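Novice: Enclosed is the structure file model-v9.tsv (TSV, C-alpha atoms and all ligand atoms).
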chain	number	residue	atom	x	y	z
A	1	MET	CA	31.37	-30.50	-1.12
A	2	LYS	CA	28.16	-32.52	-0.96
A	3	LYS	CA	25.83	-32.23	-3.94
A	4	LEU	CA	22.16	-31.63	-3.14
A	5	GLY	CA	19.07	-32.37	-5.20
A	6	ILE	CA	15.89	-30.65	-4.03
A	7	LEU	CA	12.35	-31.78	-4.92
A	8	VAL	CA	9.68	-29.06	-4.72
A	9	SER	CA	6.05	-28.51	-5.63
A	10	GLY	CA	5.20	-24.96	-4.71
A	11	ARG	CA	6.47	-21.82	-3.01
A	12	GLY	CA	9.98	-23.06	-2.30
A	13	SER	CA	10.86	-21.05	0.82
A	14	ASN	CA	12.67	-24.03	2.36
A	15	MET	CA	14.55	-24.56	-0.91
A	16	ALA	CA	15.49	-20.87	-0.86
A	17	ALA	CA	16.77	-21.20	2.71
A	18	ILE	CA	18.97	-24.15	1.66
A	19	VAL	CA	20.24	-22.30	-1.42
A	20	ASP	CA	21.08	-19.24	0.69
A	21	ALA	CA	22.86	-21.36	3.32
A	22	CYS	CA	24.97	-23.00	0.59
A	23	GLU	CA	25.82	-19.58	-0.87
A	24	GLN	CA	26.78	-18.26	2.59
A	25	GLY	CA	28.79	-21.38	3.42
A	26	THR	CA	26.73	-22.35	6.48
A	27	VAL	CA	25.88	-25.52	4.59
A	28	SER	CA	28.95	-27.12	2.96
A	29	ALA	CA	27.16	-28.18	-0.19
A	30	THR	CA	26.01	-27.08	-3.61
A	31	VAL	CA	22.48	-27.34	-4.95
A	32	GLU	CA	22.97	-29.17	-8.25
A	33	LEU	CA	19.38	-29.80	-9.32
A	34	VAL	CA	15.86	-28.70	-8.43
A	35	ILE	CA	13.03	-30.95	-9.63
A	36	SER	CA	9.36	-30.00	-9.51
A	37	ASN	CA	6.22	-31.87	-10.47
A	38	ASN	CA	4.62	-28.44	-10.97
A	39	LYS	CA	5.92	-26.46	-13.97
A	40	ASP	CA	4.46	-23.26	-12.44
A	41	SER	CA	6.09	-23.67	-9.05
A	42	MET	CA	7.73	-20.49	-7.76
A	43	ALA	CA	10.61	-22.64	-6.57
A	44	LEU	CA	11.54	-23.49	-10.18
A	45	CYS	CA	11.63	-19.79	-11.09
A	46	LEU	CA	13.79	-19.00	-8.06
A	47	ALA	CA	16.21	-21.82	-8.88
A	48	GLN	CA	16.47	-20.65	-12.50
A	49	GLU	CA	17.22	-17.10	-11.31
A	50	LYS	CA	20.07	-18.62	-9.28
A	51	ASN	CA	21.32	-20.49	-12.35
A	52	ILE	CA	20.58	-23.83	-10.69
A	53	LYS	CA	19.73	-26.67	-13.07
A	54	THR	CA	15.98	-27.44	-12.94
A	55	ALA	CA	13.72	-30.18	-14.25
A	56	HIS	CA	9.95	-30.40	-14.53
A	57	LEU	CA	9.17	-34.12	-14.08
A	58	SER	CA	5.53	-35.06	-13.58
A	59	SER	CA	2.82	-37.56	-14.35
A	60	SER	CA	1.65	-35.30	-17.18
A	61	ILE	CA	4.97	-35.91	-18.94
A	62	TYR	CA	5.38	-39.51	-17.68
A	63	PRO	CA	1.89	-41.04	-17.26
A	64	ASP	CA	3.55	-44.31	-16.31
A	65	ALA	CA	4.61	-44.08	-12.64
A	66	ASP	CA	7.58	-46.39	-13.17
A	67	ALA	CA	8.88	-44.23	-16.02
A	68	LEU	CA	8.54	-41.10	-13.85
A	69	ASP	CA	10.38	-42.86	-11.04
A	70	SER	CA	13.20	-43.75	-13.46
A	71	ALA	CA	13.32	-40.23	-14.90
A	72	MET	CA	13.75	-38.74	-11.43
A	73	CYS	CA	16.51	-41.23	-10.58
A	74	ASP	CA	18.27	-40.55	-13.88
A	75	ALA	CA	18.13	-36.75	-13.47
A	76	LEU	CA	19.54	-36.90	-9.93
A	77	THR	CA	22.21	-39.42	-10.90
A	78	ALA	CA	23.26	-37.29	-13.89
A	79	SER	CA	23.77	-34.38	-11.46
A	80	LYS	CA	25.79	-36.65	-9.15
A	81	VAL	CA	23.52	-35.80	-6.22
A	82	ASP	CA	24.54	-37.15	-2.78
A	83	LEU	CA	21.50	-36.07	-0.75
A	84	VAL	CA	17.91	-35.63	-1.91
A	85	LEU	CA	15.84	-33.06	0.01
A	86	LEU	CA	12.04	-32.89	-0.19
A	87	ALA	CA	11.07	-29.26	0.41
A	88	GLY	CA	7.31	-29.09	0.10
A	89	PHE	CA	7.22	-31.93	-2.42
A	90	MET	CA	3.66	-33.23	-2.62
A	91	LYS	CA	4.15	-36.55	-4.40
A	92	LYS	CA	5.10	-39.99	-3.10
A	93	ILE	CA	8.63	-41.15	-3.84
A	94	GLY	CA	8.77	-44.20	-6.10
A	95	PRO	CA	10.45	-47.52	-5.30
A	96	LYS	CA	13.41	-46.94	-7.64
A	97	MET	CA	14.14	-43.60	-5.97
A	98	LEU	CA	13.79	-45.18	-2.51
A	99	ALA	CA	16.22	-47.93	-3.49
A	100	ARG	CA	18.72	-45.72	-5.33
A	101	TYR	CA	18.84	-43.07	-2.55
A	102	LYS	CA	18.01	-45.31	0.41
A	103	GLY	CA	18.75	-43.51	3.67
A	104	ARG	CA	19.59	-40.28	1.79
A	105	ILE	CA	16.14	-38.80	1.06
A	106	ILE	CA	15.19	-36.23	3.68
A	107	ASN	CA	11.83	-34.53	4.21
A	108	ILE	CA	10.68	-31.62	6.34
A	109	HIS	CA	7.27	-31.70	7.98
A	110	PRO	CA	5.64	-28.78	9.88
A	111	SER	CA	4.58	-30.70	13.01
A	112	LEU	CA	6.12	-32.86	15.76
A	113	LEU	CA	5.70	-36.25	14.06
A	114	PRO	CA	4.21	-38.72	14.58
A	115	LYS	CA	1.53	-36.22	15.57
A	116	HIS	CA	-0.35	-34.60	12.68
A	117	GLY	CA	1.37	-36.48	9.87
A	118	GLY	CA	0.36	-38.91	7.16
A	119	GLN	CA	-1.69	-38.70	3.97
A	120	GLY	CA	-3.55	-35.40	3.61
A	121	MET	CA	-1.53	-33.77	6.39
A	122	PHE	CA	0.20	-31.00	4.46
A	123	GLY	CA	0.23	-27.21	4.38
A	124	ILE	CA	-2.40	-25.38	6.41
A	125	ASN	CA	-4.20	-28.67	7.19
A	126	VAL	CA	-1.40	-29.56	9.59
A	127	HIS	CA	-1.67	-26.34	11.58
A	128	ARG	CA	-5.46	-26.50	11.65
A	129	ALA	CA	-5.21	-30.05	13.05
A	130	VAL	CA	-2.76	-28.89	15.73
A	131	LEU	CA	-5.13	-26.13	16.85
A	132	ASP	CA	-8.16	-28.45	16.71
A	133	SER	CA	-6.29	-30.95	18.89
A	134	GLY	CA	-5.69	-28.38	21.63
A	135	ASP	CA	-1.93	-29.10	21.61
A	136	LYS	CA	0.06	-26.45	23.47
A	137	GLU	CA	3.05	-26.91	21.19
A	138	SER	CA	3.73	-27.80	17.60
A	139	GLY	CA	7.04	-27.83	15.78
A	140	VAL	CA	9.18	-29.08	12.93
A	141	THR	CA	10.37	-32.57	12.04
A	142	ILE	CA	13.18	-33.53	9.68
A	143	HIS	CA	13.01	-37.22	8.80
A	144	LEU	CA	14.18	-39.86	6.36
A	145	VAL	CA	11.72	-40.76	3.62
A	146	ASP	CA	10.43	-44.30	3.20
A	147	ASP	CA	7.46	-45.71	1.34
A	148	GLU	CA	4.87	-44.24	3.73
A	149	TYR	CA	4.07	-40.54	4.16
A	150	ASP	CA	5.90	-38.97	7.13
A	151	GLU	CA	6.95	-42.30	8.71
A	152	GLY	CA	10.72	-42.49	8.14
A	153	ALA	CA	13.32	-42.27	10.93
A	154	ILE	CA	13.30	-38.88	12.64
A	155	LEU	CA	16.61	-36.98	12.33
A	156	ALA	CA	15.73	-33.74	14.15
A	157	GLN	CA	12.80	-31.99	15.79
A	158	ARG	CA	12.25	-28.56	17.30
A	159	ALA	CA	9.17	-27.45	19.25
A	160	VAL	CA	7.23	-24.27	18.54
A	161	VAL	CA	4.80	-22.84	21.09
A	162	VAL	CA	1.10	-22.64	20.19
A	163	LYS	CA	-0.43	-19.36	21.38
A	164	PRO	CA	-4.07	-19.18	22.50
A	165	GLU	CA	-4.77	-16.52	19.90
A	166	ASP	CA	-3.18	-18.49	17.06
A	167	SER	CA	-4.94	-19.01	13.75
A	168	PRO	CA	-3.69	-21.78	11.42
A	169	GLU	CA	-1.99	-19.03	9.43
A	170	SER	CA	-0.20	-17.40	12.39
A	171	LEU	CA	0.99	-20.78	13.64
A	172	ALA	CA	2.15	-21.72	10.12
A	173	ALA	CA	4.21	-18.53	9.90
A	174	ARG	CA	5.89	-19.15	13.27
A	175	VAL	CA	6.63	-22.78	12.39
A	176	LEU	CA	7.97	-21.87	8.93
A	177	LYS	CA	10.66	-19.64	10.44
A	178	VAL	CA	11.87	-22.60	12.51
A	179	GLU	CA	11.69	-24.89	9.45
A	180	HIS	CA	14.20	-22.78	7.58
A	181	LEU	CA	16.61	-22.84	10.53
A	182	LEU	CA	16.23	-26.52	11.43
A	183	PHE	CA	16.44	-27.75	7.83
A	184	THR	CA	19.73	-25.98	7.13
A	185	GLU	CA	21.19	-26.91	10.55
A	186	THR	CA	20.24	-30.57	10.09
A	187	ILE	CA	21.63	-30.82	6.55
A	188	GLN	CA	24.93	-29.36	7.77
A	189	LYS	CA	25.02	-31.84	10.68
A	190	ILE	CA	24.55	-34.70	8.20
A	191	ILE	CA	27.38	-33.28	6.08
A	192	ASP	CA	29.76	-32.77	9.04
A	193	GLY	CA	28.93	-36.19	10.50
A	194	SER	CA	27.16	-35.01	13.65
A	195	ILE	CA	24.11	-36.87	12.36
A	196	ILE	CA	24.87	-40.32	10.92
A	197	LEU	CA	22.55	-41.62	8.20
A	198	PRO	CA	21.93	-45.37	7.91
A	199	THR	CA	24.37	-46.83	5.36
A	200	ASP	CA	22.62	-50.05	4.34
B	301	LIG	C1	6.53	-26.50	4.44
B	301	LIG	O1	5.66	-26.16	5.50
B	301	LIG	C2	7.08	-27.87	4.66
B	301	LIG	O2	7.21	-28.22	6.02
B	301	LIG	C3	6.06	-28.75	4.02
B	301	LIG	O3	5.57	-28.04	2.90
B	301	LIG	C4	5.77	-26.65	3.12
B	301	LIG	C5	6.57	-26.16	1.95
B	301	LIG	O4	6.77	-24.80	2.06
B	301	LIG	N1	6.61	-30.04	3.62
B	301	LIG	P1	7.88	-24.16	1.07
B	301	LIG	O5	7.50	-24.56	-0.35
B	301	LIG	O6	9.22	-24.71	1.45
B	301	LIG	O7	7.75	-22.68	1.31
The structure in this file should be written as structure tokens.
Specialist:
Amino acid sequence: MKKLGILVSGRGSNMAAIVDACEQGTVSATVELVISNNKDSMALCLAQEKNIKTAHLSSSIYPDADALDSAMCDALTASKVDLVLLAGFMKKIGPKMLARYKGRIINIHPSLLPKHGGQGMFGINVHRAVLDSGDKESGVTIHLVDDEYDEGAILAQRAVVVKPEDSPESLAARVLKVEHLLFTETIQKIIDGSIILPTD
């Protein structure tokens, strides 16, 4: 069984979807560790309720970015994590993490990248930008993480229709449902070999 580490910052609904899929067996993996930069994140509470090991690692504990980078690597390594999932994680991944887990850090973004991605494009901002652009469709992107926000190789995408009456909130809700499905499907495809990650 693959061992998953999940990095979160807030609500944790994507983390919950992954945890549920592992419990139900639709994802052949176990969630070994949940790390948050936010000690008050709901995701940490949910993970603790599920008896999943958690860690609060942040710049308030490690003011030195390099030390925080090392602490994250060490925590994931200690839990023997194979794949690192970013599920609403709002911080950049450090160079040690990128090197240690090269090609095995996966993020979910609530638009059809490269549209509406990059620094500042998170949460409701993404859906507001989609509506402001007049796009007739939005969607979900699952991609590898590199040293730039939302620029790693795309692993999976699924479109979501934009309705004329949509608000950022109604679009966000429709996209989030697809996020939960696509994230779990894509992680299982990586595990069963249908999606091949770069090995170098
Ligand atoms: C999701 O929309 C995800 O695409 C983005 O951040 C949000 C996190 O939501 N990266 P949740 O914490 O998983 O509910």
Novice: Select, from A:Leu155, A:Asn37, A:Gly139, A:Asp146, the residue with the minimum atom-to-atom distance to Tyr62 of chain A, counting all atoms listed in the file.
Specialist: A:Asn37
Novice: Interatomic distance between atom CA of Phe89 of chain A and atom CA of Ile108 of chain A?
Specialist: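 Separating atom CA of Phe89 of chain A from atom CA of Ile108 of chain A is a distance of 9.4 Å.
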Novice: Expressed in Å to a single decimal, how great is the separation between atom CA of Ser41 of chain A and atom CA of Lys92 of chain A?
Specialist: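 According to the coordinates, atom CA of Ser41 of chain A and atom CA of Lys92 of chain A are separated by 17.4 Å.
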Novice: Leaving out Ala156 of chain A and any residue of its chain fewer than 3 positions from it, which residues lie within 9 Å of it when counting all atoms listed in the file, given as a CSV table (one decimal) with C-alpha atoms, in the frame of the given file?
Specialist:
chain,number,residue,atom,x,y,z
A,140,VAL,CA,9.2,-29.1,12.9
A,141,THR,CA,10.4,-32.6,12.0
A,142,ILE,CA,13.2,-33.5,9.7
A,143,HIS,CA,13.0,-37.2,8.8
A,182,LEU,CA,16.2,-26.5,11.4
A,183,PHE,CA,16.4,-27.8,7.8
A,186,THR,CA,20.2,-30.6,10.1
Novice: Show me which residues sit within 8 Å of ligand LIG 301 (chain B) when counting only C-alpha atoms and all ligand atoms, and put them as a PyMOL selection string.
Specialist: chain A and resi 8-16+43+86-90+107-111+122-123+140+172+175-176+179
Novice: How would the residues just picked look written out with C-alpha atoms as a PDB file, keeping the file's coordinate frame?
Specialist:
ATOM      1  CA  VAL A   8       9.680 -29.060  -4.720  1.00  0.00           C
ATOM      2  CA  SER A   9       6.050 -28.510  -5.630  1.00  0.00           C
ATOM      3  CA  GLY A  10       5.200 -24.960  -4.710  1.00  0.00           C
ATOM      4  CA  ARG A  11       6.470 -21.820  -3.010  1.00  0.00           C
ATOM      5  CA  GLY A  12       9.980 -23.060  -2.300  1.00  0.00           C
ATOM      6  CA  SER A  13      10.860 -21.050   0.820  1.00  0.00           C
ATOM      7  CA  ASN A  14      12.670 -24.030   2.360  1.00  0.00           C
ATOM      8  CA  MET A  15      14.550 -24.560  -0.910  1.00  0.00           C
ATOM      9  CA  ALA A  16      15.490 -20.870  -0.860  1.00  0.00           C
ATOM     10  CA  ALA A  43      10.610 -22.640  -6.570  1.00  0.00           C
ATOM     11  CA  LEU A  86      12.040 -32.890  -0.190  1.00  0.00           C
ATOM     12  CA  ALA A  87      11.070 -29.260   0.410  1.00  0.00           C
ATOM     13  CA  GLY A  88       7.310 -29.090   0.100  1.00  0.00           C
ATOM     14  CA  PHE A  89       7.220 -31.930  -2.420  1.00  0.00           C
ATOM     15  CA  MET A  90       3.660 -33.230  -2.620  1.00  0.00           C
ATOM     16  CA  ASN A 107      11.830 -34.530   4.210  1.00  0.00           C
ATOM     17  CA  ILE A 108      10.680 -31.620   6.340  1.00  0.00           C
ATOM     18  CA  HIS A 109       7.270 -31.700   7.980  1.00  0.00           C
ATOM     19  CA  PRO A 110       5.640 -28.780   9.880  1.00  0.00           C
ATOM     20  CA  SER A 111       4.580 -30.700  13.010  1.00  0.00           C
ATOM     21  CA  PHE A 122       0.200 -31.000   4.460  1.00  0.00           C
ATOM     22  CA  GLY A 123       0.230 -27.210   4.380  1.00  0.00           C
ATOM     23  CA  VAL A 140       9.180 -29.080  12.930  1.00  0.00           C
ATOM     24  CA  ALA A 172       2.150 -21.720  10.120  1.00  0.00           C
ATOM     25  CA  VAL A 175       6.630 -22.780  12.390  1.00  0.00           C
ATOM     26  CA  LEU A 176       7.970 -21.870   8.930  1.00  0.00           C
ATOM     27  CA  GLU A 179      11.690 -24.890   9.450  1.00  0.00           C
TER      28      GLU A 179
END
Novice: Just how far from atom CA of Val27 of chain A is atom CA of Leu57 of chain A, in Å to one decimal?
Specialist: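 Distance between the two atoms: 26.5 Å.
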Novice: Which one is closest to Leu113 of chain A: A:Gly134, A:Gly94, A:Pro198, A:Gly152? Count only C-alpha atoms.
Specialist: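 Ranked by minimum distance to Leu113 of chain A, first place goes to A:Gly152.
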Novice: Have a look at A:Ser79, A:Gln157, A:Ser60, A:Asn51 and name the one nearest to Asn38 of chain A; count all atoms listed in the file.
Specialist: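 Closest to Asn38 of chain A, using all atoms listed in the file: A:Ser60.
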Novice: For Val161 of chain A, which residue out of A:Ala65, A:Ile195, A:Leu112, A:Ala47 is the nearest one, using all atoms listed in the file?
Specialist: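 Nearest to Val161 of chain A: A:Leu112.
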Novice: Name all residues at most 12 Å from Val19 of chain A (count all atoms listed in the file; drop same-chain ones fewer than 2 positions away) and give them as a PyMOL selection string.
Specialist: chain A and resi 3-6+12-17+21-34+43+46-52+85+87+180+183-184+187
Novice: Kindly indicate which residue among A:Gln188, A:Asn125, A:Gln119, A:Ser194 lies nearest to Ser167 of chain A, using all atoms listed in the file for the distances.
Specialist: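 Comparing A:Gln188, A:Asn125, A:Gln119, A:Ser194 against Ser167 of chain A, the winner is A:Asn125.
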Novice: Report, as JSON, the axis-aligned box around all atoms of segment 19-31 of chain A present in the file, extended by 6 Å on each side; give centre and edge lengths in Å to one decimal place.
Specialist:
{"center_x": 24.6, "center_y": -23.2, "center_z": 0.8, "size_x": 20.7, "size_y": 21.9, "size_z": 23.4}
Novice: For a quick check of understanding, using only C-alpha atoms, which of A:Val162, A:Asp74, A:Asp150, A:Asp135 has the smallest distance to Lys96 of chain A?
Specialist: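 Distance minimum relative to Lys96 of chain A lands on A:Asp74.
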